[in-house]
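Have a look at the structure below before the remarks.
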Amino acid sequence: MRWIIQKQPPIEKISQLSKVLGVDKLIASLLIQRGIESFDEAKQFFRPDLNQLHDPYLMKDMATAVSRIEEAIYKDENILVYGDYDVDGTTAVSLMSSFLKSIYPNVATYIPDRYGEGYGISFQGIDFAHDNDFSLIIALDCGIKAIDKVKYANEKDIDFIICDHHRPGNELPNAVAVLDPKREDCNYPYDELCGCGVGFKLVQALAKNHHQTIEDLVPYLDLVATAIAADIVPITGENRILAYYGLKVINKAPRIGFKAIIHQLNKSELTITDVVFVIAPRINAAGRMKHGLHAVNLMTETNFKEAVKIAGEIETYNSDRKELDKLITYEALKQIETTNEQQDFSTVVYSETWHKGVIGIVASRLIETYYRPTLVFTKSGDKLAASARSVKGFDVYNAIDQCAEFVEQFGGHKYAAGLTLLPENYEKFKAKFEKVVKKTIPEELRTPEISVNSEMNLCDINQKFYRILNQFAPFGPQNMRPIFVANGLRDNGFGKCVGEDKSHLKLNLIDATDKKTYNAIGFGLGHKKEITSNGNSFKAAFNLDENNWNGMTSIQLLLKDIKPE
């Protein structure tokens, strides 16, 4: 691990903000690192306000999209809400269909089959719309590159409204409206919305026409917050506001489907991390193992008993998914070892038997062992399909784009992408991708890094500091939970490896400054126990966390890494 200590703000700026806000200088420094330098900016950060959301009509094509939907309602047309099978897509479909059904009955949903149709808009989906008399399709979290599919729909007199957040290609589909803040000709003030976020902006615009305010839309924000968390978009600007209020809904008045998942958990309050690791995997499991429509059914269900039944089925899919991803990860690691590719700049592996629904997770797992841009391929019909994942700082989308001569279709963003190619092009693609990565990846990006906000003494940790730190939440990209470094630490001699396989490290740290003892846990750091033994002095990088044990709550250090002094 490389520890990168972030640049510290000027002392005078820290002192000034500390005085204005009446907070610790370390808190002031953390705020300045996030671009917050005044009382008003701090107020906006600590007290997100729904009224700070941008006018949806600032988005290119928004007025046209609203007008076409209103026309469909006026003319009694059938509307099909179409979305991708992952969390972002299924939450977006649940959001849009729920809202439209609250003002108009002729609305249905469609999620493509991951295995029969693949990602995004499909010819099969358009045929379904045509056969069932749908004249308007609202596509969410997909469609920005569906040039030929939209053309096919137009030939069948079906109009498209596309709500996407992926990068457009050189040409846009010939849809009635294309809502995508990443369009070059779109001047919307915030371009980091997820697909469900773009869908919410359309709902926000429609709501105005139907005499609804932003307050009326708050019950939908649990869906938006879940999509923001799962899609790993920056927790800044509008995303921060939407995630903040969405988490409140999840904790105080969740929709029936979420309640069916949450009631099995022994947690009083869910954080955005819980959404990422508890709610999102279960929603995803439906599309990975069976069909994404199960997730939509759960999120739109209004009967608790029925929701519990669907949630139980999805729980089974999630258990099956865990077993599969464990097995395939093992097989992929063996493949890398036996083909002697440990020293490559990229990882590209393939087996025709691997389950398409979990190859994205496997790609992420492989990066934990071999830290480099990774693609995992499997057979999909008469083609090969892959999920790509990247390391921090490297644009895997651009790297794939440079291999486009061997690719049939691809899409995604900087850190995650999907593609298909013909079997005969696999080895050529693999060789070209390795060449591109080797040529373009800087040496420092080949080692995982910890971005440290600041050094601190453990004696500065107290309840007030921790309480204010928690108000930085919700955490996520560009607003990560702060990481600190403390030097001159020693274990009190009772440190030990814990867990079933003894892979975790539990320590009682003594800070040189005050001789107090501080509890610390390092998941996956059991192999570093030697550094802390025999009274050795060492340094640690850590977050602050809460430990609940036997009804007692205390602050503990969540260790990220330790190094000898």
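Letters A, B, ... mark the chains of the structure tokens in the order given; residue numbers begin at 1 per chain; ligand numbers begin at 1, in order shown.
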
DSSP strand (DSSP E or B) residues within region 106-293 of chain A, listed as a list of chain:residue names: A:Val107, A:Ala108, A:Thr109, A:Tyr110, A:Phe134, A:Ser135, A:Leu136, A:Ile137, A:Ile138, A:Ala139, A:Leu140, A:Asp159, A:Phe160, A:Ile161, A:Ile162, A:Cys163, A:Ala177, A:Val178, A:Leu179

Show me, as a Markdown table, the residues of region 94-179 of chain A having an atom within 12 Å of region 355-375 of chain A, each with the closest atom pair and its distance in Å, using only C-alpha atoms.
| residue | atom | partner | partner_atom | distance |
| --- | --- | --- | --- | --- |
| A:Asp113 | CA | A:Gly357 | CA | 10.8 |
| A:Arg114 | CA | A:Gly357 | CA | 7.6 |
| A:Tyr115 | CA | A:Lys356 | CA | 7.5 |
| A:Gly116 | CA | A:Lys356 | CA | 11.2 |
| A:Gly118 | CA | A:Lys356 | CA | 9.9 |
| A:Tyr119 | CA | A:Gly357 | CA | 11.3 |

Å distance separating CA of Glu443 (chain A) from CA of Tyr397 (chain A), one decimal place: 19.0 Å

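Remark: for Leu221 (chain A), the closest of the candidate residues A:Leu202, A:Met289, A:Ala404, A:Leu242 is A:Leu242 (distances computed over only C-alpha atoms).
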
Sort by chain and increasing residue number a table of all residues of region 402-503 of chain A within 12 Å of region 379-389 of chain A, each with its closest pair of atoms and their distance in Å to one decimal, counting only C-alpha atoms, and write it as a Markdown table.
| residue | atom | partner | partner_atom | distance |
| --- | --- | --- | --- | --- |
| A:Phe406 | CA | A:Leu384 | CA | 11.6 |
| A:Val407 | CA | A:Leu384 | CA | 9.9 |
| A:Glu408 | CA | A:Lys383 | CA | 9.0 |
| A:Gln409 | CA | A:Ala385 | CA | 9.5 |
| A:Phe410 | CA | A:Ala386 | CA | 9.3 |
| A:Gly411 | CA | A:Ala388 | CA | 10.1 |
| A:Gly412 | CA | A:Ala388 | CA | 9.0 |
| A:His413 | CA | A:Arg389 | CA | 9.7 |
| A:Lys414 | CA | A:Arg389 | CA | 8.7 |
| A:Tyr415 | CA | A:Arg389 | CA | 5.6 |
| A:Ala416 | CA | A:Arg389 | CA | 4.7 |
| A:Ala417 | CA | A:Ala388 | CA | 5.0 |
| A:Gly418 | CA | A:Ser387 | CA | 4.6 |
| A:Leu419 | CA | A:Ala386 | CA | 5.4 |
| A:Thr420 | CA | A:Ala385 | CA | 4.4 |
| A:Leu421 | CA | A:Leu384 | CA | 5.4 |
| A:Leu422 | CA | A:Lys383 | CA | 4.9 |
| A:Pro423 | CA | A:Lys383 | CA | 5.9 |
| A:Glu424 | CA | A:Lys383 | CA | 9.3 |
| A:Asn425 | CA | A:Leu384 | CA | 9.4 |
| A:Tyr426 | CA | A:Leu384 | CA | 8.0 |
| A:Glu427 | CA | A:Leu384 | CA | 11.6 |
| A:Phe429 | CA | A:Leu384 | CA | 11.5 |
| A:Lys430 | CA | A:Ala386 | CA | 11.6 |
| A:Phe433 | CA | A:Ala388 | CA | 11.4 |

Spatial neighbours of region 465-467 of chain A, 12 Å, only C-alpha atoms, chain gap at least 3 places, as a PyMOL selection string: chain A and resi 22-28+30+458-462+470-473+481-482+543-546+554-557

Any chance you can output those residues with N, CA and C atoms as a CSV table (one decimal), in the first residue's frame?
chain,number,residue,atom,x,y,z
A,22,GLY,N,-16.7,27.4,14.8
A,22,GLY,CA,-16.5,26.9,16.2
A,22,GLY,C,-16.2,25.4,16.3
A,23,VAL,N,-15.4,25.0,15.4
A,23,VAL,CA,-15.0,23.5,15.3
A,23,VAL,C,-13.5,23.4,15.5
A,24,ASP,N,-13.1,22.1,15.8
A,24,ASP,CA,-11.7,21.7,15.9
A,24,ASP,C,-11.0,22.1,14.6
A,25,LYS,N,-9.7,22.4,14.7
A,25,LYS,CA,-8.9,22.8,13.5
A,25,LYS,C,-8.8,21.6,12.5
A,26,LEU,N,-8.8,20.4,13.0
A,26,LEU,CA,-8.7,19.2,12.2
A,26,LEU,C,-10.0,19.1,11.3
A,27,ILE,N,-11.2,19.3,12.0
A,27,ILE,CA,-12.4,19.3,11.3
A,27,ILE,C,-12.4,20.4,10.2
A,28,ALA,N,-11.9,21.6,10.5
A,28,ALA,CA,-11.8,22.7,9.5
A,28,ALA,C,-11.0,22.3,8.4
A,30,LEU,N,-10.4,19.3,7.2
A,30,LEU,CA,-11.1,18.3,6.4
A,30,LEU,C,-12.1,18.9,5.5
A,458,LEU,N,-4.0,10.2,18.8
A,458,LEU,CA,-5.2,9.5,19.3
A,458,LEU,C,-5.9,10.2,20.4
A,459,CYS,N,-5.1,11.0,21.2
A,459,CYS,CA,-5.7,11.7,22.3
A,459,CYS,C,-6.7,12.8,21.8
A,460,ASP,N,-6.7,13.1,20.5
A,460,ASP,CA,-7.6,14.1,20.0
A,460,ASP,C,-9.0,13.5,19.6
A,461,ILE,N,-9.1,12.2,19.8
A,461,ILE,CA,-10.4,11.5,19.5
A,461,ILE,C,-11.3,11.6,20.7
A,462,ASN,N,-12.5,12.2,20.5
A,462,ASN,CA,-13.5,12.3,21.5
A,462,ASN,C,-14.8,12.2,20.9
A,470,ASN,N,-19.2,12.4,11.8
A,470,ASN,CA,-20.3,11.6,11.2
A,470,ASN,C,-21.3,12.5,10.4
A,471,GLN,N,-21.3,13.8,10.7
A,471,GLN,CA,-22.2,14.7,9.9
A,471,GLN,C,-21.6,14.9,8.5
A,472,PHE,N,-20.4,14.4,8.2
A,472,PHE,CA,-19.9,14.5,6.8
A,472,PHE,C,-20.6,13.5,5.9
A,473,ALA,N,-21.3,12.6,6.6
A,473,ALA,CA,-22.0,11.5,5.8
A,473,ALA,C,-23.2,12.2,5.0
A,481,ARG,N,-15.0,8.7,3.7
A,481,ARG,CA,-14.8,8.8,5.1
A,481,ARG,C,-13.4,9.1,5.4
A,482,PRO,N,-13.1,10.1,6.2
A,482,PRO,CA,-11.7,10.6,6.4
A,482,PRO,C,-10.8,9.4,6.9
A,543,ASN,N,-9.7,4.7,9.8
A,543,ASN,CA,-11.0,5.5,10.0
A,543,ASN,C,-11.4,5.4,11.4
A,544,LEU,N,-12.3,6.2,11.8
A,544,LEU,CA,-13.0,6.1,13.1
A,544,LEU,C,-14.3,5.4,12.9
A,545,ASP,N,-14.7,4.5,13.8
A,545,ASP,CA,-15.9,3.8,13.7
A,545,ASP,C,-16.5,3.6,15.1
A,546,GLU,N,-17.7,3.1,15.2
A,546,GLU,CA,-18.4,2.8,16.5
A,546,GLU,C,-18.4,1.3,16.7
A,554,SER,N,-18.6,2.4,22.0
A,554,SER,CA,-17.3,3.1,22.1
A,554,SER,C,-16.8,3.4,20.7
A,555,ILE,N,-15.9,4.4,20.6
A,555,ILE,CA,-15.2,4.7,19.4
A,555,ILE,C,-14.0,3.7,19.2
A,556,GLN,N,-13.9,3.2,18.0
A,556,GLN,CA,-12.7,2.3,17.8
A,556,GLN,C,-12.1,2.7,16.5
A,557,LEU,N,-10.8,2.3,16.3
A,557,LEU,CA,-10.1,2.6,15.1
A,557,LEU,C,-10.3,1.4,14.1

List every residue of region 21-49 of chain A that has an atom at most 8 Å from any atom of region 10-17 of chain A, giving for each one its closest atom pair and the distance in Å to one decimal, counting only C-alpha atoms, sorted by chain and then by ascending residue number, as CSV.
residue,atom,partner,partner_atom,distance
A:Leu21,CA,A:Leu17,CA,6.0
A:Lys25,CA,A:Ile14,CA,6.1
A:Ala28,CA,A:Ile14,CA,5.6
A:Ser29,CA,A:Ile14,CA,5.5
A:Ile32,CA,A:Ile14,CA,7.5
A:Glu37,CA,A:Leu17,CA,6.6
A:Ser38,CA,A:Leu17,CA,6.6
A:Phe39,CA,A:Leu17,CA,7.6

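Residue nearest Ser102 (chain A), chosen from A:Ile468, A:His210, A:His166, A:Ile400 and counting only C-alpha atoms: A:His210.
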
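Residues in contact with Ala332 (chain A) at 10 Å, where only C-alpha atoms are counted and same-chain residues fewer than 2 positions away are skipped, are listed as A:Leu327, A:Ile328, A:Thr329, A:Tyr330, A:Lys334, A:Gln335, A:Ile336, A:Glu337, A:Thr338, A:Thr347, A:Val348, A:Val349, A:Tyr350, A:Ser351, A:Trp354, A:Val362, A:Ala363, A:Arg365, A:Leu366, A:Val376.
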
All alpha helix (DSSP H) residues (DSSP, backbone) inside region 380-501 of chain A, as a ChimeraX atom specification: /A:396-401,426-440,463-470

Could you please take those selected residues and save C-alpha atoms as a tab-separated table (two decimals), in the first residue's frame?
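Just written: again-v1.tsv:
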chain	number	residue	atom	x	y	z
A	396	VAL	CA	-10.62	1.21	-18.55
A	397	TYR	CA	-13.34	2.54	-20.89
A	398	ASN	CA	-10.73	4.46	-22.92
A	399	ALA	CA	-8.45	1.41	-22.96
A	400	ILE	CA	-11.24	-0.75	-24.42
A	401	ASP	CA	-12.04	1.99	-26.92
A	426	TYR	CA	-10.52	-12.96	-28.11
A	427	GLU	CA	-6.76	-13.56	-28.28
A	428	LYS	CA	-6.24	-10.51	-30.52
A	429	PHE	CA	-8.24	-8.34	-28.13
A	430	LYS	CA	-6.36	-9.73	-25.13
A	431	ALA	CA	-2.97	-8.97	-26.69
A	432	LYS	CA	-4.02	-5.46	-27.76
A	433	PHE	CA	-5.58	-4.64	-24.36
A	434	GLU	CA	-2.38	-5.71	-22.55
A	435	LYS	CA	-0.33	-3.56	-24.95
A	436	VAL	CA	-2.60	-0.51	-24.41
A	437	VAL	CA	-2.55	-0.84	-20.61
A	438	LYS	CA	1.23	-1.37	-20.53
A	439	LYS	CA	1.76	1.75	-22.62
A	440	THR	CA	-0.71	4.03	-20.80
A	463	GLN	CA	-17.25	12.01	21.23
A	464	LYS	CA	-17.70	15.60	19.96
A	465	PHE	CA	-15.06	15.12	17.24
A	466	TYR	CA	-16.63	11.80	16.19
A	467	ARG	CA	-20.16	13.27	16.20
A	468	ILE	CA	-19.15	16.14	13.85
A	469	LEU	CA	-17.19	13.72	11.66
A	470	ASN	CA	-20.34	11.61	11.25

Gap from CA of Met59 (chain A) to CA of Pro181 (chain A) - Å, one decimal: 6.8 Å

Which residue of A:Asn51, A:Thr64, A:Thr553, A:Thr226 approaches Ala177 (chain A) most closely, using only C-alpha atoms: A:Thr64

Spatial neighbours of region 519-532 of chain A, max dist 8 Å, only C-alpha atoms, sep filter under 2 positions, as a ChimeraX atom specification: /A:490-491,495-498,502-509,517,534-538,555-564

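The space separating CA of Leu206 (chain A) from CA of Arg68 (chain A) comes to 10.8 Å.
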
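Residues in contact range of Ile214 (chain A), defined as at most 8 Å between only C-alpha atoms, with sequence neighbours fewer than 4 positions away removed, read Leu50, Asn51, Gln204 and Val218 of chain A.
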
Long-range neighbours of Lys75 (chain A) as a PDB file with N, CA and C atoms, in the first residue's frame, 12 Å cut-off, only C-alpha atoms, 4 positions minimum in chain:
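Just written: out_17.pdb:
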ATOM      1  N   ARG A  68     -43.853  15.082 -24.596  1.00  0.00           N
ATOM      2  CA  ARG A  68     -44.222  13.809 -25.249  1.00  0.00           C
ATOM      3  C   ARG A  68     -44.981  12.899 -24.277  1.00  0.00           C
ATOM      4  N   ILE A  69     -44.591  12.895 -23.020  1.00  0.00           N
ATOM      5  CA  ILE A  69     -45.299  12.070 -22.030  1.00  0.00           C
ATOM      6  C   ILE A  69     -46.708  12.613 -21.806  1.00  0.00           C
ATOM      7  N   GLU A  70     -46.817  13.933 -21.712  1.00  0.00           N
ATOM      8  CA  GLU A  70     -48.148  14.538 -21.529  1.00  0.00           C
ATOM      9  C   GLU A  70     -49.051  14.256 -22.725  1.00  0.00           C
ATOM     10  N   GLU A  71     -48.458  14.248 -23.911  1.00  0.00           N
ATOM     11  CA  GLU A  71     -49.220  13.923 -25.126  1.00  0.00           C
ATOM     12  C   GLU A  71     -49.723  12.478 -25.063  1.00  0.00           C
ATOM     13  N   ILE A  79     -47.654   3.312 -22.327  1.00  0.00           N
ATOM     14  CA  ILE A  79     -46.252   3.699 -22.080  1.00  0.00           C
ATOM     15  C   ILE A  79     -45.509   2.513 -21.468  1.00  0.00           C
ATOM     16  N   TYR A 104     -51.503   8.085 -14.089  1.00  0.00           N
ATOM     17  CA  TYR A 104     -52.001   7.550 -15.371  1.00  0.00           C
ATOM     18  C   TYR A 104     -51.923   6.023 -15.350  1.00  0.00           C
ATOM     19  N   ASN A 106     -52.122   3.547 -17.893  1.00  0.00           N
ATOM     20  CA  ASN A 106     -51.632   2.699 -18.984  1.00  0.00           C
ATOM     21  C   ASN A 106     -50.095   2.628 -19.035  1.00  0.00           C
ATOM     22  N   SER A 135     -46.724   2.687 -27.710  1.00  0.00           N
ATOM     23  CA  SER A 135     -46.237   3.656 -28.701  1.00  0.00           C
ATOM     24  C   SER A 135     -45.160   4.586 -28.137  1.00  0.00           C
ATOM     25  N   LEU A 136     -44.886   4.469 -26.826  1.00  0.00           N
ATOM     26  CA  LEU A 136     -43.826   5.269 -26.200  1.00  0.00           C
ATOM     27  C   LEU A 136     -43.046   4.404 -25.219  1.00  0.00           C
TER      28      LEU A 136
END

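Take the candidates A:Thr236, A:Thr271, A:Lys326, A:Ser454 and check each one against Ile36 (chain A) using only C-alpha atoms; the shortest distance goes to A:Thr236.
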